[in-house]
$ cat query-v6.pdb   # PDB, C-alpha atoms
ATOM      1  CA  MET A   1       3.193  54.411  47.504
ATOM      2  CA  LYS A   2       3.008  52.167  50.576
ATOM      3  CA  LYS A   3       6.354  50.476  49.979
ATOM      4  CA  ARG A   4       8.003  53.843  49.322
ATOM      5  CA  LEU A   5       6.718  55.325  52.585
ATOM      6  CA  ILE A   6       7.711  52.256  54.615
ATOM      7  CA  LEU A   7      11.209  52.178  53.099
ATOM      8  CA  LYS A   8      11.716  55.945  53.433
ATOM      9  CA  ASN A   9      10.553  55.997  57.036
ATOM     10  CA  ALA A  10      12.488  52.841  57.929
ATOM     11  CA  LEU A  11      15.616  54.710  56.800
ATOM     12  CA  LYS A  12      14.581  57.684  58.947
ATOM     13  CA  GLN A  13      14.208  55.331  61.907
ATOM     14  CA  LEU A  14      17.626  53.788  61.218
ATOM     15  CA  CYS A  15      19.261  57.229  61.118
ATOM     16  CA  HIS A  16      17.783  57.995  64.541
ATOM     17  CA  GLY A  17      18.680  54.643  66.103
ATOM     18  CA  PHE A  18      15.037  53.498  66.097
ATOM     19  CA  ASN A  19      14.343  56.013  68.856
ATOM     20  CA  ARG A  20      11.397  57.665  67.135
ATOM     21  CA  PRO A  21       7.732  56.648  67.158
ATOM     22  CA  PHE A  22       6.959  54.318  64.266
ATOM     23  CA  MET A  23       3.310  53.468  64.938
ATOM     24  CA  VAL A  24       0.120  55.385  65.730
ATOM     25  CA  MET A  25      -2.775  54.027  67.741
ATOM     26  CA  PHE A  26      -5.682  56.364  67.089
ATOM     27  CA  GLU A  27      -8.606  55.818  69.435
ATOM     28  CA  THR A  28     -11.382  56.973  67.140
ATOM     29  CA  THR A  29     -13.865  56.695  70.029
ATOM     30  CA  LEU A  30     -14.030  55.157  73.489
ATOM     31  CA  HIS A  31     -17.672  54.190  73.013
ATOM     32  CA  CYS A  32     -18.691  50.622  72.219
ATOM     33  CA  ASN A  33     -21.939  48.881  71.275
ATOM     34  CA  MET A  34     -21.047  45.529  72.844
ATOM     35  CA  LYS A  35     -20.845  44.474  76.467
ATOM     36  CA  CYS A  36     -18.083  41.886  76.538
ATOM     37  CA  VAL A  37     -17.710  40.213  79.933
ATOM     38  CA  TYR A  38     -13.916  40.622  79.910
ATOM     39  CA  CYS A  39     -13.836  44.290  78.851
ATOM     40  CA  ALA A  40     -14.371  47.452  80.889
ATOM     41  CA  ILE A  41     -14.782  49.950  78.054
ATOM     42  CA  TRP A  42     -18.556  49.674  77.788
ATOM     43  CA  GLN A  43     -18.859  50.011  81.576
ATOM     44  CA  ASN A  44     -17.061  53.364  81.607
ATOM     45  CA  GLN A  45     -18.447  55.253  78.617
ATOM     46  CA  LEU A  46     -18.473  59.009  79.114
ATOM     47  CA  PRO A  47     -19.272  61.925  76.806
ATOM     48  CA  GLU A  48     -16.312  62.610  74.533
ATOM     49  CA  GLN A  49     -15.205  65.228  72.065
ATOM     50  CA  ARG A  50     -14.163  63.873  68.681
ATOM     51  CA  ALA A  51     -11.810  65.706  66.370
ATOM     52  CA  VAL A  52     -12.985  67.147  63.084
ATOM     53  CA  ARG A  53     -11.718  65.201  60.078
ATOM     54  CA  GLU A  54      -9.160  67.815  59.075
ATOM     55  CA  ARG A  55      -7.436  67.612  62.475
ATOM     56  CA  ILE A  56      -6.847  63.867  62.021
ATOM     57  CA  PHE A  57      -5.787  64.324  58.389
ATOM     58  CA  LYS A  58      -3.183  66.778  59.687
ATOM     59  CA  ARG A  59      -2.041  64.229  62.276
ATOM     60  CA  MET A  60      -1.504  61.721  59.467
ATOM     61  CA  ASP A  61       0.575  64.244  57.534
ATOM     62  CA  GLU A  62       2.674  64.960  60.636
ATOM     63  CA  ALA A  63       3.126  61.258  61.461
ATOM     64  CA  ALA A  64       4.351  60.420  57.950
ATOM     65  CA  GLU A  65       6.811  63.302  58.147
ATOM     66  CA  ILE A  66       8.502  62.129  61.365
ATOM     67  CA  GLY A  67       8.933  58.475  60.336
ATOM     68  CA  VAL A  68       5.727  56.637  61.255
ATOM     69  CA  PHE A  69       4.746  53.861  58.851
ATOM     70  CA  ALA A  70       1.931  52.003  60.677
ATOM     71  CA  TRP A  71      -1.456  53.449  61.638
ATOM     72  CA  SER A  72      -3.944  51.503  63.764
ATOM     73  CA  PHE A  73      -7.559  52.636  64.158
ATOM     74  CA  SER A  74      -8.691  51.598  67.611
ATOM     75  CA  GLY A  75     -11.479  52.208  70.126
ATOM     76  CA  GLY A  76     -13.975  51.464  71.703
ATOM     77  CA  GLU A  77     -15.591  50.360  68.485
ATOM     78  CA  PRO A  78     -13.948  52.344  65.655
ATOM     79  CA  LEU A  79     -16.913  52.069  63.292
ATOM     80  CA  LEU A  80     -19.038  54.119  65.683
ATOM     81  CA  ASN A  81     -17.080  57.117  64.405
ATOM     82  CA  PRO A  82     -18.879  58.200  61.197
ATOM     83  CA  ASN A  83     -15.647  59.631  59.747
ATOM     84  CA  MET A  84     -13.964  56.220  59.539
ATOM     85  CA  PRO A  85     -14.346  55.762  55.749
ATOM     86  CA  ASP A  86     -12.623  59.104  55.166
ATOM     87  CA  TYR A  87      -9.882  58.296  57.677
ATOM     88  CA  ILE A  88      -9.166  54.909  56.098
ATOM     89  CA  GLU A  89      -9.086  56.432  52.612
ATOM     90  CA  TYR A  90      -6.699  59.218  53.643
ATOM     91  CA  ALA A  91      -4.373  56.846  55.533
ATOM     92  CA  ALA A  92      -4.256  54.548  52.514
ATOM     93  CA  ARG A  93      -3.367  57.480  50.244
ATOM     94  CA  LYS A  94      -0.568  58.523  52.628
ATOM     95  CA  GLY A  95       0.906  55.031  52.332
ATOM     96  CA  PHE A  96       0.578  53.864  55.945
ATOM     97  CA  TYR A  97       0.252  50.207  56.774
ATOM     98  CA  THR A  98      -3.279  50.355  58.182
ATOM     99  CA  SER A  99      -5.084  48.084  60.617
ATOM    100  CA  MET A 100      -8.325  48.171  62.570
ATOM    101  CA  PRO A 101      -9.961  45.869  65.120
ATOM    102  CA  THR A 102     -13.771  45.869  65.044
ATOM    103  CA  ASN A 103     -16.570  43.898  66.647
ATOM    104  CA  GLY A 104     -18.079  43.646  63.162
ATOM    105  CA  LEU A 105     -21.605  44.840  63.925
ATOM    106  CA  ALA A 106     -21.310  47.633  61.334
ATOM    107  CA  LEU A 107     -19.170  45.630  58.919
ATOM    108  CA  LYS A 108     -21.774  45.437  56.164
ATOM    109  CA  LYS A 109     -22.434  49.178  56.290
ATOM    110  CA  TYR A 110     -18.726  50.032  56.009
ATOM    111  CA  ALA A 111     -17.547  47.022  53.987
ATOM    112  CA  GLU A 112     -16.101  49.083  51.134
ATOM    113  CA  ALA A 113     -13.909  51.114  53.502
ATOM    114  CA  CYS A 114     -12.896  48.090  55.577
ATOM    115  CA  ALA A 115     -11.728  46.264  52.449
ATOM    116  CA  LYS A 116      -9.103  48.995  51.928
ATOM    117  CA  LEU A 117      -7.346  48.250  55.226
ATOM    118  CA  ASP A 118      -4.115  46.270  55.082
ATOM    119  CA  LEU A 119      -5.278  44.288  58.109
ATOM    120  CA  LEU A 120      -8.925  44.072  59.135
ATOM    121  CA  GLU A 121      -9.387  42.396  62.524
ATOM    122  CA  ILE A 122     -12.842  41.085  63.443
ATOM    123  CA  SER A 123     -13.504  39.891  66.984
ATOM    124  CA  ILE A 124     -15.192  36.475  67.071
ATOM    125  CA  ASP A 125     -14.502  34.182  70.035
ATOM    126  CA  THR A 126     -16.896  31.358  69.155
ATOM    127  CA  LEU A 127     -19.407  30.286  66.502
ATOM    128  CA  ASP A 128     -21.805  29.096  69.195
ATOM    129  CA  ARG A 129     -24.505  31.754  69.002
ATOM    130  CA  GLU A 130     -25.727  31.386  72.588
ATOM    131  CA  LYS A 131     -22.224  31.411  74.014
ATOM    132  CA  PHE A 132     -21.285  34.393  71.834
ATOM    133  CA  ALA A 133     -24.280  36.325  73.182
ATOM    134  CA  ARG A 134     -23.329  35.444  76.756
ATOM    135  CA  ARG A 135     -19.685  36.463  76.325
ATOM    136  CA  ARG A 136     -20.395  39.593  74.307
ATOM    137  CA  GLY A 137     -23.588  40.760  75.982
ATOM    138  CA  LEU A 138     -25.388  40.909  72.641
ATOM    139  CA  ASP A 139     -26.843  38.395  70.177
ATOM    140  CA  GLY A 140     -24.800  39.838  67.334
ATOM    141  CA  LEU A 141     -23.110  36.825  65.730
ATOM    142  CA  PRO A 142     -25.561  36.499  62.780
ATOM    143  CA  THR A 143     -25.116  40.202  61.946
ATOM    144  CA  ILE A 144     -21.327  39.930  62.070
ATOM    145  CA  LEU A 145     -21.159  36.795  59.913
ATOM    146  CA  ASP A 146     -23.567  38.315  57.402
ATOM    147  CA  GLY A 147     -21.375  41.412  57.160
ATOM    148  CA  LEU A 148     -18.237  39.297  56.744
ATOM    149  CA  ASP A 149     -19.798  37.196  53.968
ATOM    150  CA  TYR A 150     -20.971  40.388  52.263
ATOM    151  CA  LEU A 151     -17.451  41.847  52.306
ATOM    152  CA  LEU A 152     -15.861  38.604  51.088
ATOM    153  CA  GLY A 153     -18.375  38.230  48.289
ATOM    154  CA  LYS A 154     -18.418  41.809  47.007
ATOM    155  CA  TYR A 155     -15.017  43.462  47.521
ATOM    156  CA  GLU A 156     -11.377  42.722  46.862
ATOM    157  CA  HIS A 157      -9.606  42.906  50.208
ATOM    158  CA  ASN A 158      -6.281  42.538  51.936
ATOM    159  CA  THR A 159      -5.623  40.425  55.037
ATOM    160  CA  ILE A 160      -8.624  39.655  57.236
ATOM    161  CA  GLN A 161      -7.950  38.304  60.707
ATOM    162  CA  ILE A 162     -10.409  36.859  63.183
ATOM    163  CA  ASN A 163      -9.382  37.841  66.731
ATOM    164  CA  ALA A 164     -10.361  35.286  69.353
ATOM    165  CA  ALA A 165      -9.933  36.244  73.008
ATOM    166  CA  VAL A 166      -9.313  32.852  74.573
ATOM    167  CA  ASP A 167     -10.057  31.483  78.034
ATOM    168  CA  LEU A 168     -11.260  28.129  79.333
ATOM    169  CA  ASP A 169     -14.843  28.976  78.435
ATOM    170  CA  ASN A 170     -14.344  29.033  74.655
ATOM    171  CA  LEU A 171     -11.219  26.896  74.224
ATOM    172  CA  ASP A 172     -13.178  23.902  72.883
ATOM    173  CA  ASP A 173     -14.911  26.123  70.309
ATOM    174  CA  LEU A 174     -11.685  27.039  68.516
ATOM    175  CA  PRO A 175     -11.430  24.012  66.157
ATOM    176  CA  ALA A 176     -14.771  24.954  64.563
ATOM    177  CA  LEU A 177     -13.603  28.574  64.319
ATOM    178  CA  ALA A 178     -10.320  27.446  62.731
ATOM    179  CA  ARG A 179     -12.186  25.401  60.101
ATOM    180  CA  PHE A 180     -14.396  28.420  59.408
ATOM    181  CA  CYS A 181     -11.289  30.572  58.825
ATOM    182  CA  GLU A 182      -9.482  28.047  56.638
ATOM    183  CA  GLU A 183     -12.518  27.640  54.399
ATOM    184  CA  ARG A 184     -12.632  31.418  53.820
ATOM    185  CA  GLY A 185      -8.915  32.164  53.641
ATOM    186  CA  LEU A 186      -8.868  34.087  56.929
ATOM    187  CA  ILE A 187      -6.293  34.196  59.728
ATOM    188  CA  LEU A 188      -7.316  33.129  63.220
ATOM    189  CA  HIS A 189      -5.369  35.128  65.803
ATOM    190  CA  THR A 190      -5.585  33.595  69.271
ATOM    191  CA  GLU A 191      -4.653  35.505  72.400
ATOM    192  CA  ALA A 192      -5.390  34.776  76.045
ATOM    193  CA  VAL A 193      -7.860  37.145  77.699
ATOM    194  CA  HIS A 194      -6.079  39.893  79.623
ATOM    195  CA  ASN A 195      -6.942  42.954  81.675
ATOM    196  CA  VAL A 196      -7.246  46.348  79.978
ATOM    197  CA  VAL A 197      -6.443  48.632  82.874
ATOM    198  CA  ARG A 198      -7.093  52.360  82.915
ATOM    199  CA  THR A 199      -6.286  53.900  86.249
ATOM    200  CA  THR A 200      -9.575  55.824  86.387
ATOM    201  CA  TRP A 201     -11.808  52.941  85.287
ATOM    202  CA  ARG A 202     -13.614  50.209  87.153
ATOM    203  CA  THR A 203     -12.258  46.884  85.961
ATOM    204  CA  GLU A 204     -12.391  43.212  86.837
ATOM    205  CA  ASN A 205      -9.488  40.781  86.886
ATOM    206  CA  VAL A 206     -10.029  38.387  83.970
ATOM    207  CA  GLU A 207      -6.486  37.145  83.436
ATOM    208  CA  LEU A 208      -5.588  33.457  83.465
ATOM    209  CA  GLU A 209      -3.479  31.946  86.215
ATOM    210  CA  ARG A 210      -0.313  30.162  85.120
ATOM    211  CA  GLU A 211      -1.750  26.637  85.176
ATOM    212  CA  ALA A 212      -4.743  27.644  83.047
ATOM    213  CA  LEU A 213      -2.552  29.749  80.765
ATOM    214  CA  ASP A 214      -0.164  26.853  80.148
ATOM    215  CA  TYR A 215      -3.086  24.549  79.396
ATOM    216  CA  VAL A 216      -4.533  27.050  76.912
ATOM    217  CA  ALA A 217      -1.130  27.560  75.262
ATOM    218  CA  ALA A 218      -0.573  23.813  74.880
ATOM    219  CA  ARG A 219      -4.000  23.381  73.280
ATOM    220  CA  LEU A 220      -3.381  26.284  70.918
ATOM    221  CA  MET A 221       0.003  24.929  69.845
ATOM    222  CA  GLU A 222      -1.622  21.579  69.125
ATOM    223  CA  LEU A 223      -4.366  23.300  67.148
ATOM    224  CA  ARG A 224      -1.821  25.302  65.162
ATOM    225  CA  ARG A 225      -0.265  22.048  63.958
ATOM    226  CA  GLN A 226      -3.651  21.048  62.540
ATOM    227  CA  TYR A 227      -4.694  24.381  61.017
ATOM    228  CA  LYS A 228      -2.281  26.566  59.084
ATOM    229  CA  CYS A 229      -4.549  29.612  59.472
ATOM    230  CA  ILE A 230      -3.811  29.976  63.203
ATOM    231  CA  ARG A 231      -1.546  32.758  64.422
ATOM    232  CA  PHE A 232      -0.156  32.305  67.931
ATOM    233  CA  TYR A 233       2.770  34.412  69.157
ATOM    234  CA  LYS A 234       4.904  32.303  71.468
ATOM    235  CA  ASP A 235       6.960  35.315  72.571
ATOM    236  CA  TYR A 236       3.833  37.171  73.645
ATOM    237  CA  TYR A 237       2.677  34.070  75.525
ATOM    238  CA  ARG A 238       5.956  34.042  77.455
ATOM    239  CA  PHE A 239       5.592  37.776  78.096
ATOM    240  CA  TYR A 240       2.113  37.129  79.531
ATOM    241  CA  ARG A 241       3.291  34.145  81.586
ATOM    242  CA  GLU A 242       6.190  36.107  83.089
ATOM    243  CA  GLY A 243       3.896  38.868  84.329
ATOM    244  CA  GLY A 244       3.886  41.440  81.532
ATOM    245  CA  PHE A 245       5.922  44.638  81.573
ATOM    246  CA  SER A 246       8.788  44.787  84.051
ATOM    247  CA  GLU A 247      12.086  46.615  84.469
ATOM    248  CA  LYS A 248      13.724  43.867  82.391
ATOM    249  CA  PHE A 249      11.144  44.369  79.634
ATOM    250  CA  PRO A 250       9.844  47.949  80.046
ATOM    251  CA  CYS A 251       6.998  49.543  78.106
ATOM    252  CA  ARG A 252       8.157  51.817  75.290
ATOM    253  CA  SER A 253       4.743  53.232  74.445
ATOM    254  CA  ALA A 254       5.709  56.792  75.416
ATOM    255  CA  SER A 255       8.627  56.918  72.991
ATOM    256  CA  HIS A 256       7.575  54.609  70.152
ATOM    257  CA  LEU A 257       3.752  54.575  69.967
ATOM    258  CA  ILE A 258       1.802  57.764  69.253
ATOM    259  CA  ASN A 259      -1.396  57.441  71.265
ATOM    260  CA  ILE A 260      -3.979  59.782  69.738
ATOM    261  CA  ARG A 261      -7.216  60.379  71.609
ATOM    262  CA  PRO A 262     -10.621  60.929  69.949
ATOM    263  CA  ASP A 263     -10.180  64.723  70.150
ATOM    264  CA  GLY A 264      -6.789  64.619  68.398
ATOM    265  CA  SER A 265      -4.688  65.138  71.533
ATOM    266  CA  VAL A 266      -1.710  62.851  72.197
ATOM    267  CA  GLN A 267      -1.671  61.064  75.538
ATOM    268  CA  PHE A 268       1.390  60.007  77.545
ATOM    269  CA  PRO A 269       2.738  57.601  78.599
ATOM    270  CA  CYS A 270       0.154  55.449  76.800
ATOM    271  CA  ALA A 271      -3.444  55.272  75.617
ATOM    272  CA  PHE A 272      -4.524  53.815  78.945
ATOM    273  CA  VAL A 273      -2.892  56.158  81.457
ATOM    274  CA  ASN A 274      -2.827  59.950  81.321
ATOM    275  CA  LEU A 275       0.098  61.795  82.906
ATOM    276  CA  HIS A 276       0.204  64.411  80.165
ATOM    277  CA  ARG A 277      -1.583  65.300  76.935
ATOM    278  CA  GLY A 278      -0.236  67.193  73.977
ATOM    279  CA  ALA A 279      -2.995  69.563  72.858
ATOM    280  CA  PRO A 280      -4.855  68.879  69.592
ATOM    281  CA  GLU A 281      -3.627  72.128  68.061
ATOM    282  CA  MET A 282       0.065  71.331  68.742
ATOM    283  CA  SER A 283       2.032  69.533  66.025
ATOM    284  CA  LEU A 284       3.593  66.145  66.773
ATOM    285  CA  ARG A 285       7.063  67.688  66.556
ATOM    286  CA  GLU A 286       6.097  70.339  69.114
ATOM    287  CA  ILE A 287       4.557  67.732  71.421
ATOM    288  CA  TYR A 288       7.575  65.413  71.377
ATOM    289  CA  ALA A 289       9.984  68.336  71.808
ATOM    290  CA  SER A 290       8.165  69.621  74.901
ATOM    291  CA  PRO A 291       9.969  69.266  78.268
ATOM    292  CA  GLU A 292       6.986  67.387  79.778
ATOM    293  CA  VAL A 293       7.104  64.674  77.127
ATOM    294  CA  ARG A 294      10.897  64.415  77.132
ATOM    295  CA  GLU A 295      10.788  63.842  80.881
ATOM    296  CA  ILE A 296       8.078  61.156  80.603
ATOM    297  CA  ILE A 297      10.097  59.343  77.926
ATOM    298  CA  ARG A 298      13.200  59.559  80.117
ATOM    299  CA  GLN A 299      11.356  58.077  83.102
ATOM    300  CA  SER A 300       9.365  55.398  81.306
ATOM    301  CA  PRO A 301      11.981  52.580  81.170
ATOM    302  CA  ARG A 302      12.164  52.651  84.983
ATOM    303  CA  MET A 303       8.448  51.738  85.118
ATOM    304  CA  TRP A 304       5.640  53.348  87.031
ATOM    305  CA  ASP A 305       3.600  51.131  89.346
ATOM    306  CA  PHE A 306       0.604  51.227  87.004
ATOM    307  CA  CYS A 307       2.764  49.805  84.164
ATOM    308  CA  ARG A 308       3.837  46.691  86.025
ATOM    309  CA  GLY A 309       1.922  43.644  84.916
ATOM    310  CA  CYS A 310       0.279  45.323  81.911
ATOM    311  CA  LYS A 311      -0.059  42.901  78.968
ATOM    312  CA  ILE A 312      -1.790  45.062  76.343
ATOM    313  CA  GLY A 313      -0.884  44.148  72.766
ATOM    314  CA  CYS A 314       0.000  47.422  70.997
ATOM    315  CA  PRO A 315       2.432  48.653  73.675
ATOM    316  CA  TYR A 316       3.941  45.151  73.740
ATOM    317  CA  GLU A 317       4.500  45.178  69.977
ATOM    318  CA  VAL A 318       6.408  48.465  69.878
ATOM    319  CA  SER A 319       8.303  47.559  73.069
ATOM    320  CA  SER A 320       9.450  44.212  71.681
ATOM    321  CA  TYR A 321      11.031  45.971  68.709
ATOM    322  CA  ARG A 322      12.917  48.335  71.020
ATOM    323  CA  ASN A 323      13.763  45.941  73.849
ATOM    324  CA  SER A 324      14.713  42.777  71.982
ATOM    325  CA  PRO A 325      15.800  42.725  68.326
ATOM    326  CA  LEU A 326      15.559  38.919  68.280
ATOM    327  CA  THR A 327      11.972  38.995  69.549
ATOM    328  CA  ALA A 328      11.180  41.675  66.990
ATOM    329  CA  LEU A 329      12.596  39.537  64.192
ATOM    330  CA  ARG A 330      10.623  36.464  65.249
ATOM    331  CA  ASN A 331       7.416  38.477  65.519
ATOM    332  CA  ALA A 332       8.021  40.092  62.131
ATOM    333  CA  LEU A 333       8.630  36.730  60.450
ATOM    334  CA  ASP A 334       5.476  35.294  62.021
ATOM    335  CA  PHE A 335       3.528  38.358  60.913
ATOM    336  CA  LEU A 336       4.895  38.323  57.356
ATOM    337  CA  ARG A 337       4.163  34.614  57.073
ATOM    338  CA  TRP A 338       0.480  35.510  56.871
ATOM    339  CA  ASN A 339       0.609  38.950  55.256
TER
END

$ encode --input "query-v6.pdb" --output "structure tokens"
Amino acid sequence: MKKRLILKNALKQLCHGFNRPFMVMFETTLHCNMKCVYCAIWQNQLPEQRAVRERIFKRMDEAAEIGVFAWSFSGGEPLLNPNMPDYIEYAARKGFYTSMPTNGLALKKYAEACAKLDLLEISIDTLDREKFARRRGLDGLPTILDGLDYLLGKYEHNTIQINAAVDLDNLDDLPALARFCEERGLILHTEAVHNVVRTTWRTENVELEREALDYVAARLMELRRQYKCIRFYKDYYRFYREGGFSEKFPCRSASHLINIRPDGSVQFPCAFVNLHRGAPEMSLREIYASPEVREIIRQSPRMWDFCRGCKIGCPYEVSSYRNSPLTALRNALDFLRWN
């Protein structure tokens, strides 16, 4: 089922010159139960309306129809949405390549559903319990590790990736984390801490300066030679070092990434900035055919001021495939190496 959908929709994309969205980022909720020092989400939590299950099931049907083959459940913390098991099950039945980042606090409760994901991403920056609590604002490491061991011991699963947000504070903790991953057959994905900017949110600048970034990258490359489980995207590192999105490497989120909000609306140009929203009751075809969305897609390669310097991962991934076929190929080979 999954291979058929991916092949069928890859052919659809080819017929349309890869100018259609091919990935969904569904923000299941903007709420989070951690207080990470480098993240602004927990500082800006507001009441939100979440879609009924059937609205999101319909979105999955519509996405498969127009050529999407990857569906990412995002947040906030996705597992705070009680419908997540049903969403994961339905997406798997549709044949999407599914992924979900989670802080892991509810991993044991939802282990059966999480095991069905093609890529489960669990955020662990360090195995030092005190440092983890300081960085994450919560003494949650024992709960997360217990949930992970429970999943590994009880369920068959696909790829599990440990996401480590790296800065100078936890750089020396990564060898122990790499050994932990190798012993359990997990991937360790390392990425320098970066800002997650929403124009209406209060945020702090947590990004690394070039000297610190180069030092971190050199250490990570050295570590990757020692541990085969480490994933480190050199192209993304260069993208970060060169200042993120620019007119030479514009963001393609508006045209290639469907950014679905908790209520089922579709936000443009990206999940982090709202210039326009397609209403929950509109179909994806109607939304993308609307004059407002066509105009945003037309303008987006010229870059708005709020796009410049953004380094967020999902928009980067879809943009690399559209902006640079060679970068896309290298990223795909690195990704397939572990999947």

$ closest_residue --input "query-v6.pdb" --among "A:Met303, A:Met221, A:Leu275, A:Val293" --to "Glu247 of chain A" --atoms "all atoms listed in the file"
A:Met303

$ residues_around --input "query-v6.pdb" --residues "segment 97-106 of chain A" --least-positions-apart "6" --cutoff "7 Å" --atoms "all atoms listed in the file" --output "PyMOL selection string"
chain A and resi 69-74+77-79+117-123+140+143-144

$ resolve_selection --input "query-v6.pdb" --expression "the PyMOL selection byres ((chain A and resi 51) around 6)" --output "ChimeraX atom specification"
/A:50,52,263-264

$ closest_residue --input "query-v6.pdb" --among "A:Cys181, A:Met282, A:Cys251, A:Val273" --to "Arg302 of chain A" --atoms "all atoms listed in the file"
A:Cys251

$ closest_atom_pairs --input "query-v6.pdb" --of "segment 172-283 of chain A" --to "segment 322-327 of chain A" --cutoff "10 Å" --atoms "all atoms listed in the file" --output "Markdown table"
| residue | atom | partner | partner_atom | distance |
| --- | --- | --- | --- | --- |
| A:Lys234 | CA | A:Thr327 | CA | 9.9 |
| A:Asp235 | CA | A:Thr327 | CA | 6.9 |
| A:Tyr236 | CA | A:Thr327 | CA | 9.3 |
| A:Lys248 | CA | A:Asn323 | CA | 8.8 |
| A:Phe249 | CA | A:Asn323 | CA | 6.5 |
| A:Pro250 | CA | A:Asn323 | CA | 7.6 |
| A:Cys251 | CA | A:Asn323 | CA | 8.8 |
| A:Arg252 | CA | A:Arg322 | CA | 7.3 |
| A:Ser255 | CA | A:Arg322 | CA | 9.8 |
| A:His256 | CA | A:Arg322 | CA | 8.3 |

$ axis_aligned_box --input "query-v6.pdb" --around "segment 215-221 of chain A" --padding-each-side "6 Å" --output "lines of an AutoDock Vina configuration file"
center_x = -2.3
center_y = 25.5
center_z = 74.6
size_x = 16.5
size_y = 16.2
size_z = 21.6

$ closest_residue --input "query-v6.pdb" --among "A:Asp139, A:Ala178, A:Phe26, A:Phe232" --to "Cys314 of chain A" --atoms "all atoms listed in the file"
A:Phe26

$ atom_distance --input "query-v6.pdb" --atom1 "atom CA of Ile162 of chain A" --atom2 "atom CA of Glu207 of chain A"
20.6 Å

$ closest_residue --input "query-v6.pdb" --among "A:Ser246, A:Asn259, A:Asn205, A:Asn158" --to "Asn274 of chain A" --atoms "only C-alpha atoms"
A:Asn259

$ atom_distance --input "query-v6.pdb" --atom1 "atom CA of Leu208 of chain A" --atom2 "atom CA of Arg134 of chain A"
19.1 Å

$ resolve_selection --input "query-v6.pdb" --expression "the PyMOL selection byres ((chain A and resi 115) around 12)" --output "PyMOL selection string"
chain A and resi 85+88-89+92+98-100+107-114+116-121+147-148+150-160

$ closest_residue --input "query-v6.pdb" --among "A:Asp125, A:Asp149, A:Glu62, A:Glu130" --to "Asp167 of chain A" --atoms "only C-alpha atoms"
A:Asp125

$ closest_residue --input "query-v6.pdb" --among "A:Pro47, A:Gly309, A:Pro82, A:Gly137" --to "Arg241 of chain A" --atoms "all atoms listed in the file"
A:Gly309

$ atom_distance --input "query-v6.pdb" --atom1 "atom CA of Pro280 of chain A" --atom2 "atom CA of Lys58 of chain A"
10.3 Å

$ residues_around --input "query-v6.pdb" --residues "Gly244 of chain A" --least-positions-apart "3" --cutoff "8 Å" --atoms "only C-alpha atoms" --output "PyMOL selection string"
chain A and resi 239-241+308-311

$ resolve_selection --input "query-v6.pdb" --expression "the PyMOL selection byres ((chain A and resi 261) around 12)" --output "ChimeraX atom specification"
/A:24-30,48-51,55-56,59,73-76,258-260,262-268,270-274,277-280

$ residues_around --input "query-v6.pdb" --residues "His189 of chain A" --least-positions-apart "5" --cutoff "7 Å" --atoms "all atoms listed in the file" --output "PyMOL selection string"
chain A and resi 161-164+230-232
